[in-house]
Amino acid sequence: LRPTQLSGGMRARACLARSFMPRQELVLLDEPFASLDPVTAARLRTLTRELLALRTPPPALLLVSHDLDEALALGDQIKVLAPSGDRWIGEWHNPRPEAGSPEYQRLREELFAALSVEHPFLS
């Protein structure tokens, strides 16, 4: 296939693979799964976790996302910015609980509540 013939999911996988190719200490991901369908995005989040686990020591990951599930799946710490981007709303330690577990739901609801205060259109 030529690069222009790749689907969005194929392009995202190629970009993800490219970001893990060199031995680096930091991987920067800015909305990496935003344009993907939910199933493909979930698969790529799992692949990202697996790739991080293969490295010794694992590289640091800086992920920018508007997706709470993405942040919960990949982040050890979650920092939420105010809509203006000039201050933190809060910071949460994320033990990465299993999706759907009571701990996952509690943390997700806590994050959503913090976002709703700053982003009233969410409530």
# chains A, B, ... in the order shown; residues from 1 in each chain; ligands from 1
$ select_by_dssp --residues "chain A" --states "strand (DSSP E or B)" --output "count of residues only"
21
$ residues_around --residues "region 45-52 of chain A" --least-positions-apart "6" --cutoff "7 Å" --atoms "only C-alpha atoms" --output "list in words"
Pro58, Pro59, Ala73 and Leu74 of chain A
$ closest_residue --among "A:Gly9, A:Pro57, A:Pro97, A:Gly75" --to "Phe33 (chain A)" --atoms "only C-alpha atoms"
A:Gly9
$ atom_distance --atom1 "CA of Ile78 (chain A)" --atom2 "CA of Glu31 (chain A)"
14.6 Å
$ closest_atom_pairs --of "region 13-72 of chain A" --to "region 87-96 of chain A" --cutoff "12 Å" --atoms "only C-alpha atoms" --output "CSV"
residue,atom,partner,partner_atom,distance
A:Arg49,CA,A:Arg96,CA,10.8
A:Leu68,CA,A:Asn94,CA,11.7
A:Asp69,CA,A:Arg96,CA,10.4
A:Glu70,CA,A:Arg96,CA,10.8
A:Ala71,CA,A:Asn94,CA,9.0
A:Leu72,CA,A:Arg96,CA,6.1
$ select_by_dssp --residues "chain A" --states "helix (DSSP H, G or I)" --output "VMD selection string"
chain A and resid 3 to 5 8 to 20 38 to 54 68 to 74 102 to 118 120 to 122
$ closest_residue --among "A:Ala82, A:Leu107, A:Ala99, A:Leu54" --to "Arg23 (chain A)" --atoms "only C-alpha atoms"
A:Leu54
$ closest_residue --among "A:Leu63, A:Arg13, A:Arg2, A:Thr56" --to "Leu29 (chain A)" --atoms "only C-alpha atoms"
A:Leu63
$ closest_residue --among "A:Asp37, A:Asp76, A:Glu25, A:Asp86" --to "Arg55 (chain A)" --atoms "only C-alpha atoms"
A:Glu25
$ closest_residue --among "A:Asp67, A:Leu26, A:Glu98, A:Glu103" --to "Leu115 (chain A)" --atoms "only C-alpha atoms"
A:Asp67
